$ cat upload-v1.tsv   # TSV, C-alpha atoms
chain	number	residue	atom	x	y	z
A	1142	MET	CA	0.00	0.00	0.00
A	1143	ASN	CA	1.56	3.33	-0.99
A	1144	ARG	CA	1.33	6.49	1.09
A	1145	LYS	CA	-1.27	8.15	-1.15
A	1146	LYS	CA	-3.57	5.14	-0.98
A	1147	PHE	CA	-3.07	4.85	2.79
A	1148	ILE	CA	-3.98	8.50	3.39
A	1149	THR	CA	-7.04	8.21	1.14
A	1150	ILE	CA	-8.28	5.21	3.12
A	1151	ALA	CA	-7.45	6.94	6.40
A	1152	ALA	CA	-9.38	10.07	5.41
A	1153	GLY	CA	-12.37	7.96	4.40
A	1154	THR	CA	-12.26	6.15	7.69
A	1155	THR	CA	-12.14	9.42	9.60
A	1156	ILE	CA	-15.32	10.62	7.88
A	1157	ALA	CA	-16.99	7.29	8.42
A	1158	VAL	CA	-16.48	7.14	12.16
A	1159	GLY	CA	-17.95	10.60	12.68
A	1160	THR	CA	-17.14	13.43	15.05
A	1161	THR	CA	-18.51	11.77	18.18
A	1162	THR	CA	-16.39	8.69	17.73
A	1163	TYR	CA	-13.33	10.83	17.10
A	1164	LEU	CA	-13.80	12.72	20.35
A	1165	PHE	CA	-13.62	9.48	22.30
A	1166	SER	CA	-10.81	7.98	20.24
A	1167	ASP	CA	-7.07	7.66	20.85
A	1168	LYS	CA	-6.24	11.05	19.36
A	1169	SER	CA	-2.51	11.59	19.95
A	1170	ASN	CA	0.72	9.64	20.23
A	1171	LEU	CA	1.74	8.67	23.75
A	1172	VAL	CA	5.32	9.80	24.35
A	1173	ARG	CA	7.74	9.60	27.26
A	1174	ALA	CA	6.92	13.13	28.45
A	1175	ASP	CA	3.26	12.14	28.87
A	1176	ILE	CA	4.04	9.48	31.47
A	1177	LYS	CA	3.66	10.54	35.08
A	1178	PRO	CA	6.19	9.13	37.58
A	1179	ALA	CA	5.03	5.80	38.98
A	1180	ASP	CA	4.07	5.44	42.63
A	1181	ASP	CA	7.08	4.46	44.74
A	1182	ASN	CA	5.89	1.06	45.90
A	1183	ASN	CA	9.37	-0.36	46.36
A	1184	LYS	CA	10.79	1.18	49.53
A	1185	ILE	CA	13.96	-0.89	49.45
A	1186	LEU	CA	15.82	1.36	46.99
A	1187	LYS	CA	17.42	4.59	48.09
A	1188	PRO	CA	16.48	7.63	45.94
A	1189	ASP	CA	19.84	7.83	44.16
A	1190	GLU	CA	19.79	4.06	43.47
A	1191	LYS	CA	16.41	4.40	41.83
A	1192	GLU	CA	17.49	7.37	39.72
A	1193	ILE	CA	20.68	5.60	38.61
A	1194	LEU	CA	18.72	2.51	37.55
A	1195	PHE	CA	16.10	4.57	35.72
A	1196	LEU	CA	18.83	6.36	33.77
A	1197	ALA	CA	20.40	2.99	32.97
A	1198	SER	CA	17.05	1.78	31.59
A	1199	LEU	CA	17.05	4.54	28.96
A	1200	ALA	CA	19.42	2.35	26.93
A	1201	PRO	CA	18.30	1.11	23.48
A	1202	SER	CA	17.18	-2.44	22.72
A	1203	GLY	CA	15.67	-4.35	19.80
A	1204	HIS	CA	11.92	-3.64	19.53
A	1205	ASN	CA	12.42	-1.69	22.80
A	1206	THR	CA	12.01	-4.93	24.76
A	1207	GLN	CA	14.27	-3.71	27.62
A	1208	PRO	CA	15.67	-7.23	28.23
A	1209	TRP	CA	17.23	-6.58	31.63
A	1210	PHE	CA	16.33	-6.99	35.27
A	1211	VAL	CA	18.20	-5.99	38.42
A	1212	GLN	CA	18.45	-8.36	41.38
A	1213	TYR	CA	18.85	-6.39	44.60
A	1214	LEU	CA	21.41	-7.87	47.00
A	1215	GLU	CA	22.00	-4.96	49.37
A	1216	PRO	CA	22.29	-1.17	49.02
A	1217	TYR	CA	24.41	-0.29	45.97
A	1218	HIS	CA	25.09	-3.97	45.27
A	1219	TRP	CA	23.11	-5.62	42.46
A	1220	ILE	CA	23.16	-8.29	39.81
A	1221	ILE	CA	22.28	-7.22	36.27
A	1222	GLY	CA	20.18	-9.99	34.75
A	1223	ASN	CA	19.00	-11.28	31.40
A	1224	ASP	CA	15.18	-11.38	31.23
A	1225	LYS	CA	14.18	-14.37	29.11
A	1226	SER	CA	10.63	-13.06	28.70
A	1227	LYS	CA	12.06	-10.15	26.68
A	1228	TRP	CA	14.02	-12.23	24.18
A	1229	LEU	CA	13.39	-12.05	20.42
A	1230	PRO	CA	13.99	-15.66	19.33
A	1231	ALA	CA	12.78	-15.18	15.75
A	1232	VAL	CA	15.37	-12.50	14.90
A	1233	ASP	CA	17.92	-13.07	17.67
A	1234	PRO	CA	17.99	-16.83	18.27
A	1235	THR	CA	21.40	-16.82	20.00
A	1236	GLN	CA	20.59	-13.77	22.20
A	1237	ARG	CA	23.59	-11.92	20.74
A	1238	GLU	CA	21.57	-8.72	20.44
A	1239	THR	CA	20.17	-9.20	23.96
A	1240	ILE	CA	23.67	-9.21	25.46
A	1241	LEU	CA	24.64	-6.16	23.38
A	1242	SER	CA	21.58	-4.35	24.77
A	1243	ILE	CA	22.52	-5.27	28.34
A	1244	GLY	CA	25.94	-3.78	27.55
A	1245	THR	CA	24.28	-0.46	26.65
A	1246	PHE	CA	22.37	-0.63	29.97
A	1247	ILE	CA	25.64	-1.16	31.88
A	1248	GLN	CA	27.27	1.82	30.14
A	1249	ASN	CA	24.35	4.07	31.07
A	1250	LEU	CA	24.51	2.74	34.63
A	1251	GLU	CA	28.21	3.60	34.92
A	1252	TYR	CA	27.72	7.13	33.60
A	1253	ALA	CA	24.70	7.68	35.87
A	1254	ALA	CA	26.46	6.27	38.93
A	1255	GLY	CA	29.43	8.53	38.26
A	1256	SER	CA	27.19	11.59	38.17
A	1257	PHE	CA	26.07	10.72	41.73
A	1258	GLY	CA	29.65	10.21	42.90
A	1259	TYR	CA	29.96	6.42	42.63
A	1260	GLY	CA	32.41	4.19	40.84
A	1261	CYS	CA	31.39	0.72	39.62
A	1262	ASN	CA	33.14	-2.53	40.48
A	1263	TYR	CA	32.11	-5.35	38.13
A	1264	ASN	CA	32.21	-9.12	38.32
A	1265	LEU	CA	31.18	-10.96	35.15
A	1266	LEU	CA	28.91	-13.90	35.98
A	1267	ALA	CA	27.55	-15.06	32.60
A	1268	LYS	CA	29.41	-17.60	30.50
A	1269	THR	CA	26.77	-17.84	27.77
A	1270	ASN	CA	24.27	-15.45	26.22
A	1271	GLN	CA	21.46	-17.41	27.86
A	1272	ASP	CA	22.68	-17.21	31.47
A	1273	GLU	CA	20.21	-15.37	33.69
A	1274	GLN	CA	22.80	-13.63	35.87
A	1275	VAL	CA	25.05	-11.48	33.70
A	1276	MET	CA	27.02	-9.00	35.80
A	1277	GLU	CA	27.45	-8.30	39.50
A	1278	VAL	CA	28.00	-4.61	40.22
A	1279	LYS	CA	28.90	-2.74	43.40
A	1280	LEU	CA	28.72	1.04	43.59
A	1281	ILE	CA	31.60	2.56	45.59
A	1282	LYS	CA	31.50	6.17	46.79
A	1283	GLU	CA	34.29	8.27	45.28
A	1284	GLU	CA	35.64	11.68	46.20
A	1285	LEU	CA	35.38	13.10	42.70
A	1286	LYS	CA	32.16	12.90	40.71
A	1287	ASN	CA	32.17	11.86	37.08
A	1288	THR	CA	31.38	14.96	35.02
A	1289	PHE	CA	29.37	13.14	32.35
A	1290	ASP	CA	26.22	15.09	31.50
A	1291	ILE	CA	23.28	12.76	32.25
A	1292	ALA	CA	21.03	15.01	30.16
A	1293	LYS	CA	22.60	13.21	27.18
A	1294	ILE	CA	21.17	9.92	28.48
A	1295	LYS	CA	17.72	11.46	28.83
A	1296	SER	CA	17.74	13.06	25.38
A	1297	ARG	CA	19.17	10.12	23.40
A	1298	ARG	CA	16.77	8.72	20.82
A	1299	THR	CA	16.65	6.62	17.71
A	1300	VAL	CA	15.64	8.70	14.70
A	1301	ARG	CA	14.34	7.04	11.53
A	1302	SER	CA	13.36	9.87	9.19
A	1303	ASN	CA	14.52	13.10	7.57
A	1304	PHE	CA	18.23	12.31	7.38
A	1305	LEU	CA	20.33	14.62	5.24
A	1306	SER	CA	22.60	13.02	2.64
A	1307	ASP	CA	25.73	15.07	3.45
A	1308	VAL	CA	28.60	12.75	4.40
A	1309	LEU	CA	29.96	13.12	7.93
A	1310	GLU	CA	32.61	15.81	8.28
A	1311	LYS	CA	36.11	14.71	9.25
A	1312	GLU	CA	36.10	16.61	12.55
A	1313	ASP	CA	32.74	15.14	13.55
A	1314	LEU	CA	33.84	11.66	12.59
A	1315	LYS	CA	37.06	12.06	14.57
A	1316	TYR	CA	35.05	13.15	17.62
A	1317	LEU	CA	32.66	10.18	17.36
A	1318	ILE	CA	35.27	7.49	16.82
A	1319	ASN	CA	37.83	9.09	19.14
A	1320	SER	CA	40.07	6.36	20.59
A	1321	GLU	CA	38.20	3.37	19.13
A	1322	PRO	CA	38.88	3.47	15.36
A	1323	GLN	CA	39.83	-0.21	15.24
A	1324	PHE	CA	36.26	-1.32	15.86
A	1325	ILE	CA	34.19	1.55	14.46
A	1326	HIS	CA	34.01	1.82	10.67
A	1327	TYR	CA	32.30	4.60	8.71
A	1328	LEU	CA	31.08	3.83	5.19
A	1329	PRO	CA	30.14	7.15	3.52
A	1330	ALA	CA	27.01	7.20	1.37
A	1331	THR	CA	29.14	7.87	-1.72
A	1332	SER	CA	31.04	4.58	-1.37
A	1333	LYS	CA	30.26	1.26	-3.07
A	1334	LYS	CA	30.34	-0.46	0.33
A	1335	SER	CA	27.60	1.84	1.62
A	1336	GLN	CA	25.52	1.21	-1.49
A	1337	PHE	CA	25.94	-2.53	-0.92
A	1338	ILE	CA	24.64	-2.14	2.64
A	1339	ASN	CA	21.68	-0.16	1.26
A	1340	GLU	CA	20.78	-2.93	-1.16
A	1341	GLN	CA	21.26	-5.74	1.33
A	1342	THR	CA	19.25	-3.94	4.00
A	1343	ILE	CA	16.28	-3.86	1.63
A	1344	VAL	CA	16.80	-7.52	0.74
A	1345	ALA	CA	17.05	-8.55	4.40
A	1346	ASN	CA	13.97	-6.55	5.36
A	1347	ARG	CA	11.96	-8.20	2.61
A	1348	LEU	CA	13.13	-11.65	3.74
A	1349	GLN	CA	12.23	-10.82	7.33
A	1350	ALA	CA	8.88	-9.25	6.50
A	1351	TYR	CA	7.77	-12.47	4.79
A	1352	ARG	CA	9.28	-14.77	7.40
A	1353	ASN	CA	6.16	-15.25	9.48
A	1354	PRO	CA	7.78	-15.96	12.88
A	1355	ALA	CA	9.76	-12.72	12.60
A	1356	GLN	CA	6.73	-10.72	11.48
A	1357	GLN	CA	4.61	-12.20	14.27
A	1358	GLU	CA	7.31	-11.30	16.77
A	1359	LEU	CA	7.19	-7.72	15.48
A	1360	ALA	CA	3.40	-7.72	15.86
A	1361	ASP	CA	3.70	-8.92	19.46
A	1362	TRP	CA	5.88	-5.94	20.38
A	1363	ILE	CA	3.87	-3.18	18.69
A	1364	ARG	CA	1.81	-1.20	21.20
A	1365	PHE	CA	-1.02	-0.08	18.95
A	1366	SER	CA	-3.09	2.01	21.38
A	1367	SER	CA	-1.93	4.54	23.94
A	1368	LYS	CA	-3.70	2.48	26.59
A	1369	ASP	CA	-1.66	-0.58	25.63
A	1370	ALA	CA	1.55	1.47	25.52
A	1371	ASP	CA	0.89	2.96	28.95
A	1372	LYS	CA	0.18	-0.49	30.37
A	1373	HIS	CA	3.42	-2.09	29.14
A	1374	ARG	CA	5.83	0.91	28.93
A	1375	ASP	CA	7.95	-0.98	26.38
A	1376	GLY	CA	7.74	-2.12	22.76
A	1377	LEU	CA	7.18	-0.07	19.63
A	1378	THR	CA	4.67	2.78	19.84
A	1379	THR	CA	3.36	4.82	16.94
A	1380	ALA	CA	5.49	7.72	18.21
A	1381	GLY	CA	8.61	5.57	18.35
A	1382	MET	CA	7.94	4.28	14.83
A	1383	GLU	CA	7.38	7.90	13.72
A	1384	ILE	CA	3.84	7.28	12.51
A	1385	GLU	CA	2.33	10.70	13.00
A	1386	GLY	CA	-0.85	12.60	12.19
A	1387	ILE	CA	-3.82	10.88	10.61
A	1388	SER	CA	-1.77	7.75	9.84
A	1389	GLY	CA	-0.91	7.39	13.53
A	1390	TRP	CA	-4.54	7.96	14.51
A	1391	ILE	CA	-5.66	5.18	12.18
A	1392	VAL	CA	-3.05	2.75	13.51
A	1393	ARG	CA	-3.86	3.50	17.17
A	1394	ASN	CA	-7.62	3.12	16.69
A	1395	PHE	CA	-8.07	0.52	13.97
A	1396	TYR	CA	-4.94	-1.66	13.75
A	1397	ASN	CA	-4.04	-4.81	15.67
A	1398	LYS	CA	-1.65	-7.76	15.39
A	1399	ASP	CA	-3.62	-9.30	12.55
A	1400	ASN	CA	-2.97	-6.27	10.35
A	1401	VAL	CA	0.80	-6.73	10.74
A	1402	MET	CA	0.55	-10.15	9.12
A	1403	LYS	CA	-1.23	-8.82	6.01
A	1404	ASN	CA	0.73	-8.22	2.81
A	1405	ASP	CA	-0.24	-4.54	2.66
A	1406	PHE	CA	1.43	-3.91	6.02
A	1407	ARG	CA	4.54	-5.85	5.01
A	1408	GLU	CA	4.87	-3.99	1.71
A	1409	THR	CA	4.32	-0.62	3.38
A	1410	GLY	CA	7.16	-1.46	5.78
A	1411	ILE	CA	9.48	-2.43	2.93
A	1412	ASP	CA	8.66	0.80	1.06
A	1413	LYS	CA	9.54	2.75	4.19
A	1414	ILE	CA	12.89	0.95	4.44
A	1415	LYS	CA	13.65	1.82	0.80
A	1416	LYS	CA	13.01	5.49	1.54
A	1417	GLU	CA	15.10	5.41	4.71
A	1418	VAL	CA	18.21	3.87	3.14
A	1419	SER	CA	18.06	6.39	0.30
A	1420	GLU	CA	18.40	9.22	2.83
A	1421	SER	CA	21.58	9.07	4.91
A	1422	ALA	CA	25.23	9.99	5.25
A	1423	GLY	CA	26.07	6.30	5.08
A	1424	TRP	CA	26.61	3.60	7.69
A	1425	ILE	CA	28.60	3.11	10.87
A	1426	LEU	CA	29.59	-0.50	11.60
A	1427	ILE	CA	30.82	-1.59	15.02
A	1428	THR	CA	32.87	-4.77	15.14
A	1429	SER	CA	34.53	-7.03	17.71
A	1430	ARG	CA	37.32	-9.60	17.86
A	1431	ASP	CA	35.06	-12.40	19.07
A	1432	ASN	CA	31.55	-13.21	20.26
A	1433	SER	CA	32.21	-13.96	23.93
A	1434	VAL	CA	29.81	-12.56	26.54
A	1435	ALA	CA	32.47	-10.17	27.84
A	1436	THR	CA	33.20	-8.89	24.34
A	1437	LEU	CA	29.53	-8.46	23.44
A	1438	LEU	CA	28.90	-6.50	26.64
A	1439	GLU	CA	31.88	-4.24	25.93
A	1440	THR	CA	30.73	-3.78	22.32
A	1441	GLY	CA	27.29	-2.76	23.56
A	1442	ARG	CA	28.97	-0.26	25.86
A	1443	LYS	CA	31.05	1.01	22.94
A	1444	MET	CA	27.92	1.57	20.88
A	1445	GLN	CA	26.22	3.43	23.71
A	1446	ARG	CA	29.21	5.71	24.17
A	1447	LEU	CA	28.93	6.57	20.49
A	1448	PHE	CA	25.15	6.99	20.68
A	1449	LEU	CA	25.49	9.48	23.54
A	1450	LYS	CA	27.82	11.67	21.47
A	1451	VAL	CA	25.86	12.08	18.25
A	1452	ARG	CA	23.09	14.45	19.28
A	1453	GLU	CA	25.43	17.35	20.09
A	1454	LYS	CA	26.65	17.13	16.48
A	1455	ASN	CA	23.05	16.94	15.15
A	1456	ILE	CA	23.80	13.44	13.89
A	1457	ALA	CA	21.19	10.70	14.04
A	1458	ILE	CA	21.70	6.96	14.45
A	1459	HIS	CA	19.23	4.30	13.35
A	1460	PRO	CA	20.25	0.70	14.17
A	1461	MET	CA	19.23	-1.57	11.27
A	1462	THR	CA	20.32	-5.12	12.08
A	1463	GLN	CA	18.28	-7.14	9.60
A	1464	ILE	CA	21.32	-8.09	7.48
A	1465	LEU	CA	22.81	-9.78	10.54
A	1466	GLU	CA	19.50	-11.46	11.43
A	1467	GLU	CA	18.91	-13.18	8.07
A	1468	VAL	CA	21.22	-16.09	7.29
A	1469	SER	CA	21.61	-15.50	3.55
A	1470	THR	CA	22.57	-11.82	3.88
A	1471	ARG	CA	24.79	-12.35	6.94
A	1472	GLN	CA	26.92	-15.01	5.23
A	1473	THR	CA	28.13	-12.71	2.45
A	1474	LEU	CA	28.47	-9.47	4.42
A	1475	ASN	CA	32.07	-9.53	5.68
A	1476	GLN	CA	33.63	-10.63	2.41
A	1477	SER	CA	31.58	-8.14	0.39
A	1478	ILE	CA	32.71	-5.11	2.39
A	1479	GLY	CA	36.20	-6.33	3.28
A	1480	ILE	CA	35.91	-6.47	7.08
A	1481	ASP	CA	37.37	-9.47	8.91
A	1482	GLU	CA	36.10	-8.78	12.44
A	1483	ASN	CA	32.69	-9.81	13.76
A	1484	ILE	CA	30.13	-7.17	12.78
A	1485	GLN	CA	27.85	-6.49	15.76
A	1486	PHE	CA	26.07	-3.23	14.86
A	1487	ILE	CA	24.93	-1.74	11.56
A	1488	LEU	CA	23.90	1.87	12.14
A	1489	ARG	CA	22.40	4.13	9.50
A	1490	THR	CA	23.58	7.65	10.18
A	1491	GLY	CA	23.09	11.19	8.95
A	1492	TYR	CA	22.76	14.83	9.90
A	1493	LEU	CA	19.42	16.29	10.92
A	1494	LYS	CA	18.11	19.82	10.58
A	1495	ASN	CA	16.03	19.45	13.72
A	1496	TYR	CA	16.55	16.85	16.43
A	1497	PRO	CA	13.25	15.54	17.83
A	1498	PRO	CA	12.71	14.85	21.56
A	1499	SER	CA	12.89	11.38	23.08
A	1500	VAL	CA	9.60	9.48	22.82
A	1501	SER	CA	10.19	5.78	23.53
A	1502	LEU	CA	8.65	4.50	26.77
A	1503	ARG	CA	10.39	2.83	29.71
A	1504	ARG	CA	9.13	0.51	32.41
A	1505	PRO	CA	9.26	1.90	35.95
A	1506	VAL	CA	12.27	0.76	37.95
A	1507	ASP	CA	9.98	-1.12	40.36
A	1508	GLU	CA	8.96	-3.40	37.49
A	1509	PHE	CA	12.46	-4.65	36.72
A	1510	ILE	CA	13.81	-4.87	40.29
A	1511	ARG	CA	13.92	-8.32	41.88
A	1512	ASN	CA	14.71	-8.90	45.54
A	1513	ARG	CA	17.36	-11.39	46.65
A	1514	LYS	CA	16.11	-14.97	46.28

$ encode --input "upload-v1.tsv" --output "structure tokens"
Amino acid sequence: MNRKKFITIAAGTTIAVGTTTYLFSDKSNLVRADIKPADDNNKILKPDEKEILFLASLAPSGHNTQPWFVQYLEPYHWIIGNDKSKWLPAVDPTQRETILSIGTFIQNLEYAAGSFGYGCNYNLLAKTNQDEQVMEVKLIKEELKNTFDIAKIKSRRTVRSNFLSDVLEKEDLKYLINSEPQFIHYLPATSKKSQFINEQTIVANRLQAYRNPAQQELADWIRFSSKDADKHRDGLTTAGMEIEGISGWIVRNFYNKDNVMKNDFRETGIDKIKKEVSESAGWILITSRDNSVATLLETGRKMQRLFLKVREKNIAIHPMTQILEEVSTRQTLNQSIGIDENIQFILRTGYLKNYPPSVSLRRPVDEFIRNRK
């Protein structure tokens, strides 16, 4: 279904439902700023512990599943855990992406803890991507506070649309990569390697869209209505997917999981991907030496450090991992672009004229805290 046809149908639907129905409908996107702070039912956490953990939870994750939990041992002493109920087995069967996401959580936690005057002592517990207990962490009070600006954690967001096609400037690229050039690779939009990633991203998205388990998994994590989004505080909302205006109103009021499985929805998604890859400054790839748990966690942290730098340069990042999730496209990737290391992140990037506010939802800290067993 093309955009013109979609808007025509949407307009017709609006007229059909009438003014009265519209007044009682789900009229606007639910965004993070709309959510009131949850009641503090968990009295075990100290105020700064709760704030540190909330800031940590603002890390990115596939489908915004937020696949972490925190087991409370004693004040400032926790275990970061891997929540099996938040896995994405259809697109991430080995939980590689899950561990990367937990790495981004740990990086946020360290920055947040530092802003409150704590250092972090870590003890790796997990030996496999499926282990429930991943990392033990103790917060130790330090004399000097970390000067990292936690406003960057709060304002970080994934942007999907309106990228400019100007390649990244050398000074900006130097700032982003900084001391980690060995594992961060920029493929400018003008290069053949970037064009190959464009083409393969479209191919992989088409494969995934018509692979029913993957499409059903996507459907399960879309929060169609604001009521549903407010209930779960995770997943993909219309705001997070950048479905605005009348299109967003239609999706919130008339769409459900069954619609996601229809060919029109799949084709609309593929058309959107085609438009997105045609608008960018190219791709940033983050690699690693191996696929051990420790390395994946550190690579997730590396990505988050990058992600927290881009906004001040008006640069957007859009993780697009489908090439790595589909067997046929993953097998040819390294050889085709001449990279020997393990590719862990594929990030579409580009400058923006205007940076939008953060909109993705987060579960309250009380919902992912577990007391000592």

$ closest_residue --input "upload-v1.tsv" --among "A:Gln1274, A:Leu1317, A:Pro1178, A:Ile1411" --to "Asn1223 (chain A)" --atoms "only C-alpha atoms"
A:Gln1274

$ atom_distance --input "upload-v1.tsv" --atom1 "CA of Ile1487 (chain A)" --atom2 "CA of Asp1224 (chain A)"
24.0 Å

$ residues_around --input "upload-v1.tsv" --residues "Glu1238 (chain A)" --least-positions-apart "2" --cutoff "10 Å" --atoms "only C-alpha atoms" --output "PDB file with C-alpha atoms, in the frame of the given file"
ATOM      1  CA  SER A1202      17.180  -2.440  22.720  1.00  0.00           C
ATOM      2  CA  GLY A1203      15.670  -4.350  19.800  1.00  0.00           C
ATOM      3  CA  PRO A1208      15.670  -7.230  28.230  1.00  0.00           C
ATOM      4  CA  TRP A1228      14.020 -12.230  24.180  1.00  0.00           C
ATOM      5  CA  LEU A1229      13.390 -12.050  20.420  1.00  0.00           C
ATOM      6  CA  VAL A1232      15.370 -12.500  14.900  1.00  0.00           C
ATOM      7  CA  ASP A1233      17.920 -13.070  17.670  1.00  0.00           C
ATOM      8  CA  PRO A1234      17.990 -16.830  18.270  1.00  0.00           C
ATOM      9  CA  THR A1235      21.400 -16.820  20.000  1.00  0.00           C
ATOM     10  CA  GLN A1236      20.590 -13.770  22.200  1.00  0.00           C
ATOM     11  CA  ILE A1240      23.670  -9.210  25.460  1.00  0.00           C
ATOM     12  CA  LEU A1241      24.640  -6.160  23.380  1.00  0.00           C
ATOM     13  CA  SER A1242      21.580  -4.350  24.770  1.00  0.00           C
ATOM     14  CA  ILE A1243      22.520  -5.270  28.340  1.00  0.00           C
ATOM     15  CA  GLY A1244      25.940  -3.780  27.550  1.00  0.00           C
ATOM     16  CA  ASN A1270      24.270 -15.450  26.220  1.00  0.00           C
ATOM     17  CA  LEU A1437      29.530  -8.460  23.440  1.00  0.00           C
ATOM     18  CA  LEU A1438      28.900  -6.500  26.640  1.00  0.00           C
ATOM     19  CA  GLY A1441      27.290  -2.760  23.560  1.00  0.00           C
ATOM     20  CA  THR A1462      20.320  -5.120  12.080  1.00  0.00           C
ATOM     21  CA  GLU A1466      19.500 -11.460  11.430  1.00  0.00           C
ATOM     22  CA  GLN A1485      27.850  -6.490  15.760  1.00  0.00           C
ATOM     23  CA  PHE A1486      26.070  -3.230  14.860  1.00  0.00           C
TER      24      PHE A1486
END

$ residues_around --input "upload-v1.tsv" --residues "region 1392-1403 of chain A" --least-positions-apart "3" --cutoff "6 Å" --atoms "all atoms listed in the file" --output "list in words"
Ala1360, Phe1365, Ser1366, Gly1389 and Phe1406 of chain A

$ closest_residue --input "upload-v1.tsv" --among "A:Glu1439, A:Asp1412, A:Asp1371, A:Glu1273" --to "Arg1504 (chain A)" --atoms "all atoms listed in the file"
A:Asp1371

$ residues_around --input "upload-v1.tsv" --residues "Lys1293 (chain A)" --least-positions-apart "6" --cutoff "10 Å" --atoms "all atoms listed in the file" --output "JSON, numbers by chain"
{"A": [1448, 1449, 1450, 1451, 1452, 1453]}

$ closest_residue --input "upload-v1.tsv" --among "A:Gln1463, A:Asn1455, A:Trp1219, A:Ala1380" --to "Asp1175 (chain A)" --atoms "all atoms listed in the file"
A:Ala1380

$ residues_around --input "upload-v1.tsv" --residues "Ile1176 (chain A)" --least-positions-apart "3" --cutoff "9 Å" --atoms "all atoms listed in the file" --output "ChimeraX atom specification"
/A:1171-1173,1179,1371,1502
